[in-house]
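Enquirer: Got data27.txt for you, compact mmCIF, C-alpha atoms:
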```
# COMPACT_ATOMS: atom_id res chain seq x y z
CA MET F 1 -179.98 7.31 -32.19
CA LYS F 2 -183.57 7.66 -33.38
CA PHE F 3 -186.06 4.94 -32.50
CA LEU F 4 -188.67 3.80 -35.02
CA GLN F 5 -192.27 4.53 -34.18
CA PRO F 6 -194.86 1.71 -33.98
CA ASP F 7 -196.28 2.52 -37.44
CA GLN F 8 -192.76 2.43 -38.94
CA ILE F 9 -192.04 -0.91 -37.23
CA ALA F 10 -195.31 -2.28 -38.63
CA PHE F 11 -194.36 -1.03 -42.10
CA TRP F 12 -190.87 -2.57 -41.82
CA TYR F 13 -192.37 -5.90 -40.74
CA LYS F 14 -195.01 -5.94 -43.49
CA MET F 15 -192.83 -4.78 -46.37
CA SER F 16 -189.80 -6.89 -45.48
CA LEU F 17 -192.09 -9.93 -45.30
CA GLN F 18 -193.47 -9.17 -48.75
CA LYS F 19 -189.94 -8.79 -50.07
CA SER F 20 -189.25 -12.35 -48.81
CA GLY F 21 -192.45 -13.64 -50.43
CA TYR F 22 -194.79 -13.76 -47.41
CA LYS F 23 -198.13 -12.17 -46.67
CA GLU F 24 -197.89 -13.10 -42.98
CA LEU F 25 -195.93 -15.42 -40.70
CA TYR F 26 -197.47 -18.18 -38.64
CA ALA F 27 -197.31 -17.72 -34.87
CA PHE F 28 -194.31 -20.03 -34.36
CA ALA F 29 -192.00 -18.07 -36.67
CA ARG F 30 -193.44 -14.68 -35.73
CA ASP F 31 -192.92 -15.29 -32.01
CA PHE F 32 -189.36 -16.47 -32.61
CA TRP F 33 -188.60 -13.32 -34.66
CA LYS F 34 -189.97 -11.14 -31.84
CA ASP F 35 -187.83 -13.05 -29.33
CA MET F 36 -184.69 -12.51 -31.41
CA VAL F 37 -185.52 -8.80 -31.71
CA ARG F 38 -185.79 -8.57 -27.93
CA ARG F 39 -182.35 -10.17 -27.71
CA GLY F 40 -180.94 -7.26 -29.69
CA TYR F 41 -181.27 -8.52 -33.28
CA HIS F 42 -183.44 -5.58 -34.35
CA ALA F 43 -182.36 -5.60 -38.00
CA ILE F 44 -182.90 -9.30 -38.68
CA PRO F 45 -185.60 -9.53 -41.39
CA PRO F 46 -188.64 -11.61 -40.33
CA GLY F 47 -188.81 -13.20 -43.78
CA PHE F 48 -185.23 -14.42 -43.41
CA ILE F 49 -186.21 -16.13 -40.13
CA ALA F 50 -189.11 -17.91 -41.82
CA ARG F 51 -187.08 -19.06 -44.82
CA LEU F 52 -184.26 -20.33 -42.61
CA MET F 53 -186.74 -22.34 -40.54
CA GLU F 54 -188.47 -23.75 -43.60
CA LYS F 55 -185.16 -25.00 -44.98
CA PHE F 56 -184.28 -26.99 -41.88
CA MET F 57 -187.77 -28.03 -40.75
CA ALA F 58 -189.38 -28.66 -44.14
CA ILE F 59 -192.68 -27.07 -43.07
CA ALA F 60 -194.29 -23.77 -44.08
CA GLU F 61 -193.70 -20.93 -41.62
CA GLY F 62 -196.05 -18.40 -43.14
CA GLU F 63 -198.68 -17.57 -45.73
CA LYS F 64 -196.95 -17.10 -49.09
CA LEU F 65 -197.66 -14.47 -51.71
CA SER F 66 -198.63 -15.91 -55.06
CA ASP F 67 -196.86 -13.36 -57.26
CA SER F 68 -193.78 -12.23 -55.32
CA ALA F 69 -190.54 -11.43 -57.14
CA GLU F 70 -187.24 -13.15 -56.38
CA PHE F 71 -185.25 -11.46 -53.61
CA THR F 72 -181.78 -12.00 -55.06
CA LEU F 73 -179.68 -10.77 -52.13
CA GLU F 74 -181.63 -12.82 -49.58
CA ASN F 75 -181.41 -15.89 -51.79
CA GLU F 76 -177.66 -15.43 -52.13
CA TYR F 77 -177.20 -15.09 -48.38
CA LEU F 78 -179.32 -18.15 -47.57
CA ASN F 79 -177.46 -20.19 -50.19
CA LYS F 80 -174.15 -19.22 -48.58
CA ILE F 81 -175.40 -20.43 -45.19
CA PHE F 82 -176.70 -23.74 -46.52
CA SER F 83 -173.52 -24.40 -48.51
CA ALA F 84 -171.13 -23.37 -45.72
CA GLU F 85 -168.79 -26.07 -44.41
CA GLY F 86 -170.57 -28.08 -41.71
CA ALA F 87 -174.08 -26.89 -42.65
CA ASP F 88 -174.95 -30.33 -44.05
CA ARG F 89 -174.51 -31.75 -40.54
CA LEU F 90 -177.22 -29.39 -39.25
CA GLU F 91 -179.95 -30.70 -41.49
CA GLY F 92 -182.25 -33.03 -39.62
CA ILE F 93 -180.47 -32.35 -36.33
CA PHE F 94 -182.59 -33.33 -33.32
CA LEU F 95 -185.41 -34.42 -35.61
CA LEU F 96 -186.12 -30.90 -36.85
CA SER F 97 -187.33 -32.43 -40.08
CA GLY F 98 -189.41 -35.50 -40.83
CA ALA F 99 -192.47 -36.96 -39.18
CA ASP F 100 -190.87 -37.00 -35.72
CA ARG F 101 -189.74 -33.35 -35.69
CA ASN F 102 -189.52 -31.81 -32.24
CA THR F 103 -190.64 -28.19 -32.53
CA SER F 104 -190.30 -27.51 -28.80
CA ILE F 105 -186.50 -27.44 -29.06
CA ALA F 106 -186.38 -25.67 -32.43
CA PRO F 107 -186.18 -22.09 -31.07
CA GLY F 108 -183.05 -22.89 -29.06
CA ILE F 109 -181.39 -24.50 -32.08
CA PHE F 110 -182.23 -21.64 -34.46
CA GLN F 111 -181.13 -19.07 -31.90
CA GLN F 112 -177.69 -20.68 -31.75
CA ILE F 113 -177.46 -20.82 -35.56
CA ILE F 114 -178.31 -17.13 -35.86
CA GLU F 115 -175.92 -16.15 -33.07
CA ARG F 116 -173.05 -17.61 -35.12
CA LEU F 117 -173.95 -15.77 -38.31
CA PRO F 118 -172.58 -12.30 -39.09
CA SER F 119 -174.93 -9.83 -37.38
CA PHE F 120 -177.68 -8.11 -39.35
CA ARG F 121 -177.34 -4.42 -38.60
CA HIS F 122 -178.60 -1.04 -39.78
CA GLU F 123 -178.51 2.26 -37.96
CA LYS F 124 -182.19 2.99 -38.73
CA ILE F 125 -183.57 -0.30 -37.39
CA VAL F 126 -183.78 0.39 -33.66
CA PHE F 127 -186.93 0.25 -31.54
CA SER F 128 -188.17 -0.57 -28.05
CA ASP F 129 -189.95 -3.72 -26.92
CA SER F 130 -193.14 -1.81 -26.08
CA ASP F 131 -193.26 -0.17 -29.52
CA LEU F 132 -192.70 -3.58 -31.10
CA GLU F 133 -195.80 -4.96 -29.38
CA ASN F 134 -197.83 -1.86 -30.20
CA SER F 135 -196.89 -2.18 -33.86
CA PHE F 136 -198.95 -5.36 -34.20
CA ASN F 137 -202.11 -3.39 -33.31
CA ILE F 138 -201.68 -1.12 -36.34
CA VAL F 139 -203.75 -2.13 -39.37
CA ASN F 140 -202.64 0.38 -42.00
CA ALA F 141 -198.98 1.13 -41.41
CA ASP F 142 -197.39 4.31 -42.78
CA SER F 143 -193.80 4.33 -43.99
CA ALA F 144 -193.22 7.89 -42.76
CA GLY F 145 -190.30 8.14 -45.19
CA PHE F 146 -188.84 4.73 -44.26
CA ASP F 147 -187.36 3.07 -47.40
CA VAL F 148 -187.53 -0.67 -46.68
CA ASP F 149 -186.02 -1.74 -50.01
CA ALA F 150 -182.92 0.39 -49.52
CA VAL F 151 -182.53 -0.77 -45.92
CA LEU F 152 -182.81 -4.46 -46.84
CA GLU F 153 -180.29 -4.06 -49.66
CA ASN F 154 -177.87 -2.40 -47.23
CA ILE F 155 -178.40 -5.10 -44.55
CA TYR F 156 -177.81 -8.04 -46.89
CA SER F 157 -174.86 -6.41 -48.66
CA LYS F 158 -173.08 -5.93 -45.33
CA ALA F 159 -173.96 -9.45 -44.20
CA LEU F 160 -172.66 -11.01 -47.43
CA SER F 161 -169.44 -9.03 -47.23
CA GLU F 162 -168.87 -10.05 -43.61
CA PHE F 163 -169.72 -13.68 -44.39
CA SER F 164 -167.02 -13.81 -47.08
CA ARG F 165 -164.47 -11.94 -44.98
CA LEU F 166 -164.84 -14.39 -42.09
CA GLU F 167 -164.78 -17.45 -44.40
CA PHE F 168 -167.75 -18.58 -42.32
CA ARG F 169 -168.21 -22.25 -41.44
CA PHE F 170 -169.85 -24.39 -38.77
CA TYR F 171 -167.13 -26.04 -36.69
CA ALA F 172 -167.55 -29.36 -34.83
CA ASP F 173 -167.99 -27.51 -31.53
CA ASP F 174 -170.65 -25.33 -33.16
CA ILE F 175 -172.54 -28.43 -34.29
CA PHE F 176 -172.44 -29.85 -30.76
CA GLU F 177 -173.65 -26.61 -29.17
CA ILE F 178 -176.39 -26.09 -31.76
CA GLY F 179 -177.55 -29.68 -31.38
CA HIS F 180 -177.75 -29.50 -27.58
CA PRO F 181 -179.56 -26.23 -26.80
CA ASP F 182 -180.68 -27.34 -23.34
CA LEU F 183 -177.04 -27.84 -22.36
CA PHE F 184 -176.35 -24.13 -22.71
CA ASP F 185 -179.18 -22.39 -20.89
CA ARG F 186 -176.75 -19.90 -19.33
CA PRO F 187 -173.93 -17.94 -20.97
CA VAL F 188 -171.53 -19.28 -18.32
CA ASP F 189 -172.19 -22.83 -19.55
CA ARG F 190 -171.09 -21.92 -23.04
CA TYR F 191 -167.97 -20.21 -21.70
CA PHE F 192 -167.14 -23.26 -19.59
CA PHE F 193 -167.73 -25.65 -22.52
CA ARG F 194 -165.53 -23.65 -24.87
CA ARG F 195 -162.72 -23.37 -22.33
CA MET F 196 -163.01 -27.08 -21.59
CA THR F 197 -163.11 -28.26 -25.21
CA ARG F 198 -160.23 -25.98 -26.15
CA ALA F 199 -158.11 -27.62 -23.45
CA MET F 200 -159.31 -31.10 -24.43
CA LYS F 201 -158.14 -30.57 -28.02
CA GLY F 202 -154.77 -29.32 -26.82
CA MET F 203 -154.22 -32.32 -24.54
CA LEU F 204 -155.34 -34.73 -27.24
CA PHE F 205 -152.17 -34.01 -29.19
CA TRP F 206 -150.08 -35.30 -26.27
CA THR F 207 -152.21 -38.39 -25.54
CA ARG F 208 -151.90 -40.10 -28.92
CA SER F 209 -149.63 -42.84 -27.60
CA VAL F 210 -150.54 -46.43 -28.43
CA PHE F 211 -150.13 -48.87 -25.52
CA THR F 212 -149.49 -52.58 -25.96
CA LEU F 213 -151.40 -54.55 -23.36
CA ARG F 214 -149.96 -57.67 -21.82
CA GLU F 215 -151.97 -60.85 -21.80
CA GLU F 216 -153.70 -61.08 -18.44
CA GLY F 217 -152.46 -63.67 -16.01
CA SER F 218 -154.73 -66.59 -15.17
CA TRP F 219 -155.42 -65.21 -11.69
CA VAL F 220 -156.68 -61.90 -13.19
CA VAL F 221 -158.96 -63.75 -15.59
CA THR F 222 -160.25 -66.03 -12.84
CA ARG F 223 -160.91 -63.25 -10.35
CA TYR F 224 -162.03 -60.34 -12.55
CA GLY F 225 -162.85 -61.87 -15.94
CA GLU F 226 -166.27 -62.29 -17.47
CA PRO F 227 -166.46 -64.70 -20.42
CA GLN F 228 -168.25 -63.52 -23.54
CA THR F 229 -168.66 -65.14 -26.94
CA LEU F 230 -167.80 -62.72 -29.72
CA PRO F 231 -167.25 -63.02 -33.48
CA LEU F 232 -163.52 -63.27 -34.04
CA GLY F 233 -161.22 -63.53 -37.03
CA GLY F 234 -162.46 -63.83 -40.60
CA TYR F 235 -165.39 -65.49 -42.36
CA ASP F 236 -165.86 -69.18 -41.73
CA GLU F 237 -168.67 -70.22 -44.08
CA LEU F 238 -171.94 -69.19 -45.73
CA THR F 239 -175.25 -69.76 -44.03
CA ASN F 240 -178.97 -68.99 -44.38
CA LYS F 241 -179.10 -67.40 -40.93
CA GLY F 242 -177.62 -64.10 -39.82
CA ASN F 243 -178.21 -60.38 -39.40
CA ILE F 244 -178.37 -57.75 -42.09
CA ALA F 245 -174.76 -56.67 -41.43
CA SER F 246 -173.56 -60.12 -42.56
CA LEU F 247 -175.71 -60.30 -45.70
CA VAL F 248 -173.84 -61.32 -48.87
CA LEU F 249 -173.96 -58.17 -50.98
CA SER F 250 -174.94 -59.96 -54.18
CA GLU F 251 -178.30 -60.77 -52.57
CA LEU F 252 -179.24 -57.08 -52.93
CA ALA F 253 -179.53 -57.65 -56.70
CA PHE F 254 -182.87 -59.38 -56.08
CA ILE F 255 -184.46 -56.10 -54.87
CA ASP F 256 -186.88 -54.64 -57.42
CA GLU F 257 -188.37 -51.37 -56.16
CA SER F 258 -190.98 -51.40 -58.94
CA MET F 259 -192.60 -54.50 -57.43
CA GLU F 260 -194.62 -54.56 -54.24
CA PHE F 261 -193.29 -58.05 -53.44
CA ASP F 262 -190.00 -58.93 -55.13
CA LEU F 263 -187.66 -61.96 -55.14
CA PHE F 264 -185.65 -60.50 -52.24
CA ASP F 265 -188.78 -60.43 -50.08
CA TYR F 266 -189.58 -64.02 -51.05
CA LYS F 267 -186.07 -65.26 -50.22
CA PHE F 268 -186.16 -63.37 -46.93
CA ILE F 269 -189.46 -64.96 -45.87
CA GLU F 270 -188.32 -68.43 -46.94
CA ASN F 271 -184.92 -68.05 -45.19
CA GLN F 272 -183.11 -68.46 -48.49
CA LEU F 273 -180.93 -65.36 -48.27
CA THR F 274 -177.21 -66.04 -47.85
CA TYR F 275 -175.19 -64.61 -44.98
CA TYR F 276 -171.54 -64.78 -44.03
CA LYS F 277 -170.82 -66.70 -40.87
CA ARG F 278 -167.76 -65.59 -38.90
CA ASP F 279 -165.48 -67.56 -36.64
CA SER F 280 -166.43 -67.13 -33.01
CA GLY F 281 -164.71 -67.69 -29.75
CA ALA F 282 -164.77 -66.90 -26.07
CA VAL F 283 -162.91 -63.89 -24.73
CA PHE F 284 -162.67 -62.67 -21.16
CA ARG F 285 -163.53 -59.06 -20.43
CA ILE F 286 -161.84 -57.83 -17.28
CA ARG F 287 -163.89 -55.76 -14.85
CA ARG F 288 -161.86 -52.67 -13.92
CA ASP F 289 -162.97 -49.82 -11.65
CA ILE F 290 -160.89 -46.66 -12.02
CA VAL F 291 -160.90 -43.79 -9.51
CA ILE F 292 -159.39 -40.44 -10.51
CA LYS F 293 -159.18 -38.46 -7.28
CA VAL F 294 -158.28 -34.77 -7.09
CA THR F 295 -158.07 -32.79 -3.85
CA LEU F 296 -159.14 -29.26 -4.75
CA THR F 297 -157.61 -26.05 -3.38
CA GLU F 298 -158.33 -22.33 -3.83
CA PHE F 299 -156.48 -22.67 -7.15
CA PHE F 300 -159.79 -23.71 -8.74
CA GLU F 301 -161.65 -20.59 -7.67
CA ASN F 302 -160.50 -19.40 -11.08
CA GLU F 303 -163.12 -20.72 -13.55
CA ARG F 304 -160.47 -21.10 -16.23
CA HIS F 305 -158.58 -23.57 -14.01
CA LEU F 306 -161.81 -25.42 -13.26
CA ALA F 307 -162.49 -25.86 -16.98
CA LEU F 308 -158.93 -27.14 -17.38
CA LEU F 309 -159.49 -29.69 -14.61
CA PHE F 310 -162.65 -31.10 -16.19
CA ALA F 311 -160.97 -31.24 -19.59
CA TRP F 312 -158.13 -33.26 -18.03
CA CYS F 313 -160.58 -35.57 -16.21
CA PHE F 314 -162.54 -36.22 -19.40
CA ASN F 315 -159.47 -36.88 -21.56
CA PHE F 316 -157.97 -39.10 -18.84
CA SER F 317 -161.17 -41.14 -18.49
CA GLU F 318 -161.76 -41.46 -22.21
CA LYS F 319 -158.16 -42.52 -22.84
CA ILE F 320 -158.37 -45.27 -20.19
CA ILE F 321 -161.59 -46.57 -21.76
CA GLU F 322 -159.94 -46.47 -25.17
CA VAL F 323 -156.80 -48.34 -24.03
CA PHE F 324 -158.78 -51.06 -22.25
CA VAL F 325 -161.45 -51.12 -24.93
CA LYS F 326 -162.26 -54.83 -24.59
CA ASP F 327 -162.70 -54.58 -20.84
CA MET F 328 -165.63 -53.55 -18.66
CA VAL F 329 -164.20 -50.25 -17.43
CA ASP F 330 -166.02 -47.84 -15.12
CA VAL F 331 -164.39 -44.54 -14.20
CA ILE F 332 -165.22 -42.49 -11.11
CA ILE F 333 -163.97 -38.90 -10.93
CA PHE F 334 -163.81 -37.98 -7.25
CA LEU F 335 -163.32 -34.33 -6.29
CA ASP F 336 -162.63 -33.55 -2.64
CA GLY F 337 -161.20 -30.75 -0.51
CA PHE F 338 -161.93 -27.06 -1.12
CA LYS F 339 -165.23 -26.23 -2.80
CA PRO F 340 -164.88 -23.46 -5.43
CA SER F 341 -167.89 -21.18 -5.77
CA SER F 342 -168.53 -22.35 -9.35
CA LEU F 343 -168.09 -26.06 -8.62
CA ASP F 344 -171.79 -26.99 -8.44
CA ASP F 345 -172.55 -25.29 -11.75
CA ALA F 346 -169.49 -26.86 -13.38
CA CYS F 347 -170.39 -30.33 -12.08
CA GLY F 348 -173.97 -29.97 -13.27
CA PHE F 349 -172.78 -29.02 -16.74
CA PHE F 350 -170.17 -31.80 -16.83
CA ARG F 351 -172.70 -34.48 -15.85
CA HIS F 352 -175.04 -33.27 -18.58
CA PHE F 353 -172.10 -33.24 -21.00
CA LEU F 354 -171.32 -36.88 -20.18
CA GLN F 355 -174.95 -37.78 -20.72
CA GLU F 356 -175.03 -36.09 -24.13
CA LYS F 357 -171.80 -37.93 -25.03
CA ASP F 358 -173.51 -41.19 -23.99
CA LEU F 359 -170.80 -41.78 -21.37
CA SER F 360 -172.77 -41.25 -18.16
CA ARG F 361 -172.81 -45.02 -17.51
CA ARG F 362 -169.06 -45.34 -18.00
CA ILE F 363 -167.85 -42.14 -16.32
CA ARG F 364 -169.31 -40.88 -13.05
CA LEU F 365 -168.57 -37.62 -11.22
CA VAL F 366 -168.68 -37.53 -7.41
CA THR F 367 -167.73 -34.76 -5.00
CA GLY F 368 -166.76 -35.10 -1.37
CA LYS F 369 -169.55 -32.69 -0.43
CA GLU F 370 -172.12 -35.25 -1.57
CA ASN F 371 -171.17 -37.49 1.39
CA ILE F 372 -171.09 -40.61 -0.77
CA ASP F 373 -168.95 -43.49 0.44
CA LEU F 374 -166.65 -44.19 -2.49
CA LYS F 375 -166.46 -47.87 -1.59
CA THR F 376 -170.16 -48.31 -2.30
CA LEU F 377 -169.60 -47.23 -5.91
CA LEU F 378 -166.93 -49.87 -6.58
CA ARG F 379 -167.71 -53.43 -7.66
CA ASP F 380 -166.54 -56.23 -5.39
CA ASN F 381 -165.51 -58.38 -8.35
CA ALA F 382 -163.57 -55.65 -10.22
CA GLN F 383 -159.89 -54.80 -10.30
CA ARG F 384 -159.53 -51.42 -8.58
CA TRP F 385 -157.18 -48.65 -9.63
CA VAL F 386 -156.77 -45.25 -8.00
CA PHE F 387 -155.00 -42.28 -9.54
CA ALA F 388 -154.44 -39.72 -6.81
CA GLU F 389 -151.89 -37.76 -4.82
CA LYS F 390 -152.17 -40.34 -2.04
CA TYR F 391 -154.46 -43.20 -1.13
CA SER F 392 -154.53 -45.57 1.81
CA GLU F 393 -156.95 -48.31 0.77
CA THR F 394 -155.75 -51.62 -0.67
CA CYS F 395 -155.81 -51.23 -4.41
CA SER F 396 -153.57 -50.66 -7.41
CA PHE F 397 -152.34 -47.11 -6.93
CA VAL F 398 -150.64 -44.65 -9.29
CA LYS F 399 -149.47 -41.37 -7.81
CA THR F 400 -151.07 -38.66 -9.93
CA GLU F 401 -151.26 -35.05 -8.77
CA PHE F 402 -153.01 -32.35 -10.74
CA PRO F 403 -150.73 -29.27 -10.58
CA GLN F 404 -152.23 -26.42 -8.55
CA THR F 405 -149.31 -24.00 -8.26
CA ASP F 406 -148.68 -20.42 -9.32
CA GLU F 407 -145.93 -21.66 -11.62
CA PHE F 408 -148.38 -23.91 -13.47
CA ALA F 409 -150.95 -21.09 -13.65
CA ALA F 410 -148.34 -18.82 -15.25
CA LEU F 411 -147.72 -21.22 -18.13
CA SER F 412 -149.26 -20.61 -21.53
CA ASN F 413 -152.34 -22.61 -22.56
CA ASP F 414 -150.23 -24.78 -24.86
CA ASP F 415 -147.68 -25.57 -22.14
CA GLN F 416 -150.37 -26.36 -19.58
CA GLU F 417 -152.03 -28.77 -22.01
CA LYS F 418 -148.68 -30.37 -22.76
CA VAL F 419 -147.99 -30.95 -19.04
CA LEU F 420 -151.44 -32.43 -18.44
CA GLY F 421 -151.41 -34.55 -21.60
CA LYS F 422 -148.05 -36.08 -20.71
CA MET F 423 -149.31 -36.73 -17.18
CA ILE F 424 -152.20 -38.75 -18.63
CA ASN F 425 -149.82 -40.77 -20.80
CA ASP F 426 -147.38 -41.45 -17.96
CA SER F 427 -150.14 -42.52 -15.57
CA ILE F 428 -151.78 -44.90 -18.05
CA GLU F 429 -148.40 -46.35 -19.00
CA LYS F 430 -147.83 -47.30 -15.34
CA MET F 431 -151.27 -48.89 -15.23
CA VAL F 432 -150.63 -50.90 -18.41
CA LYS F 433 -147.32 -52.21 -17.10
CA ASN F 434 -148.94 -53.44 -13.88
CA ALA F 435 -152.40 -54.41 -15.12
CA ASP F 436 -151.80 -58.09 -14.29
CA ARG F 437 -150.18 -57.44 -10.92
CA GLN F 438 -151.76 -59.24 -7.97
CA ILE F 439 -152.81 -57.08 -5.01
```
Can you present the structure in this file as structure tokens?
Expert:
Amino acid sequence: MKFLQPDQIAFWYKMSLQKSGYKELYAFARDFWKDMVRRGYHAIPPGFIARLMEKFMAIAEGEKLSDSAEFTLENEYLNKIFSAEGADRLEGIFLLSGADRNTSIAPGIFQQIIERLPSFRHEKIVFSDSDLENSFNIVNADSAGFDVDAVLENIYSKALSEFSRLEFRFYADDIFEIGHPDLFDRPVDRYFFRRMTRAMKGMLFWTRSVFTLREEGSWVVTRYGEPQTLPLGGYDELTNKGNIASLVLSELAFIDESMEFDLFDYKFIENQLTYYKRDSGAVFRIRRDIVIKVTLTEFFENERHLALLFAWCFNFSEKIIEVFVKDMVDVIIFLDGFKPSSLDDACGFFRHFLQEKDLSRRIRLVTGKENIDLKTLLRDNAQRWVFAEKYSETCSFVKTEFPQTDEFAALSNDDQEKVLGKMINDSIEKMVKNADRQI
């Protein structure tokens, strides 16, 4: 393997930029290209980086040439990326575009996009970090026999072929990872997330049951209920007061975008717009505190098993919240017993995951090593349920034991997810049947 010399690197940088229509890149794009090169993406053209950023951020990333020719292969490759399934969900992600764009998180987002694309590669584009830096001190670069046009044509031809072969697309998990770059600072976090989400999807197939809730007894409503007035049933009448969601659609006909102040504006100011008014009534939301307690053993020293545990805990918690959707449900996941070496990292990731899912107020993770008294986390005026292997406190209790045996470990992924999914269903079914039981 022959490394390029600094003058050849400078020539590659300059000529590939010109091929993409740039005279020079601004510091933001140039520094990101250098960072990607240091990560091993030597053959990624700097002009491609700039054009990719400009598409998603809607700001110039370099000084353009006034008379550059179309680079057909690069255009074709960029068009394939932007038209790939799921790419539309990337546009505007994390305010990358618009007046409120956040450029500080952009490098992490673009890095994850590029990591998913077929790799740019060419046997001649290899150089060291020190030579890369030295190349920016060279004013008049010499090609030394280095044919940039031929290299670029080869790079993009291979990339286009690989793109088509893979039937490339951005999956839902890709969108989540790309949109949350700070959640995946370490490679182990990404591995844990992918193992966890894979298991979550598998269990989801077995937790599709629909549960019919009984009407709560009067003692449950009296002790744990909180009255709340909500819109119920259908439309009752028309009114001149309401929110935009209840606006009669025909009122939109009064909007005239050619006028600075139209009839819609006038009717809005004079409270003459018509809104639907819905029937309303009082409902009681039951306060329920749910504890999912797992006593850990050496079984979870295997990171794969740990990811499976957190997938089960998340699906279990989310399913309970879904079943008791009208209630005020808080879930506490309590992990006690043996402390696996990766537990702290896994817990840190899981808490951040809950926060990104906007569930950190509904689902809380606690470990026995934190020396937190579980009773202090439970509300005095809430119905308490505990899912665990055993529990001694006075509460509604459902025996639930996460399998930690060699036999369970030997099962295939599909069979493990089936066992855990059915366990979630069975446990919630027992809770539903006894939700109005007096303790």
Enquirer: Suppose you want the space between atom CA of Gly337 of chain F and atom CA of Ala311 of chain F; what is it in Å?
Expert: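 Going from atom CA of Gly337 of chain F over to atom CA of Ala311 of chain F covers 19.1 Å.
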Enquirer: Hey, which of F:Lys430, F:Asn134, F:Met196, F:Leu52 ends up closest to Ile113 of chain F? Count all atoms listed in the file.
Expert: F:Leu52
Enquirer: Which residues are close to segment 417-427 of chain F, i.e. within 6 Å by only C-alpha atoms, leaving aside same-chain residues fewer than 5 positions away? Reply as a PyMOL selection string.
Expert: chain F and resi 202-203+206-207+316
Enquirer: Expressed in Å to a single decimal, how great is the separation between atom CA of Leu335 of chain F and atom CA of Leu374 of chain F?
Expert: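 Atom-to-atom, atom CA of Leu335 of chain F to atom CA of Leu374 of chain F, that is 11.1 Å.
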Enquirer: What lies within 12 Å of Val221 of chain F using all atoms listed in the file, ignoring chain neighbours under 4 positions off, as a list in words?
Expert: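 The contact residues come out as Glu215, Glu216, Gly217, Gly225, Glu226, Pro227, Val283, Phe284, Arg285, Ile286, Arg287, Arg288, Asp327, Asn381, Ala382, Gln383, Ala435, Asp436, Arg437 and Gln438 of chain F.
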Enquirer: Using all atoms listed in the file, determine which residues lie at most 12 Å from Lys399 of chain F, disregarding the query and same-chain residues fewer than 5 positions distant; provide the list as a PyMOL selection string.
Expert: chain F and resi 291-294+385-392+423-424+426-428+430-431
Enquirer: With only C-alpha atoms as the atoms that count, which of F:Ser128, F:Gln355, F:Gln18, F:Thr239 lies nearest to Val37 of chain F?
Expert: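 Nearest to Val37 of chain F: F:Ser128.
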Enquirer: Calculated over all atoms listed in the file, which of the candidates F:Val366, F:Ile9, F:Ile109, F:Ile59 has the smallest distance to Asp185 of chain F?
Expert: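 Result for the nearest residue to Asp185 of chain F: F:Ile109.
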Enquirer: Nearest residue to Leu247 of chain F out of F:Ala410, F:Val331, F:Leu273, F:Cys395, using only C-alpha atoms?
Expert: F:Leu273
Enquirer: Measure the distance from atom CA of Ile321 of chain F to atom CA of His352 of chain F in Å and round it to one decimal.
Expert: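 Separation of atom CA of Ile321 of chain F and atom CA of His352 of chain F: 19.2 Å.
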Enquirer: Return the single residue from F:Tyr26, F:Phe349, F:Phe56, F:Phe11 that is closest to Asp147 of chain F, with distances computed using all atoms listed in the file.
Expert: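 For Asp147 of chain F, the nearest of the candidates is F:Phe11.
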Enquirer: Just the residues within 7 Å of segment 154-169 of chain F, please, counting only C-alpha atoms, with nothing from its chain fewer than 6 positions along; format it as an MDAnalysis selection string.
Expert: chainID F and resid 73:74 77 84:86 118:122
Enquirer: Excluding Pro187 of chain F and any residue of its chain fewer than 4 positions from it, enumerate the residues within 12 Å of it, using all atoms listed in the file, and give them as an MDAnalysis selection string.
Expert: chainID F and resid 112 177 181:183 191:194 345 349
Enquirer: Would you list the residues near (-165.4, -25.6, -9.5), meaning any protein, DNA or RNA residue with an atom at most 6 Å from that point in file coordinates, counting only C-alpha atoms, as a list in words?
Expert: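 Residues lying no farther than 6 Å from the given point: Phe300, Leu306, Pro340, Ser342, Leu343 and Ala346 of chain F.
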Enquirer: So, counting all atoms listed in the file, which residue among F:Glu76, F:Glu24, F:Glu115, F:Asp7 is closest to Val139 of chain F?
Expert: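 Using all atoms listed in the file, Val139 of chain F sits closest to F:Asp7.
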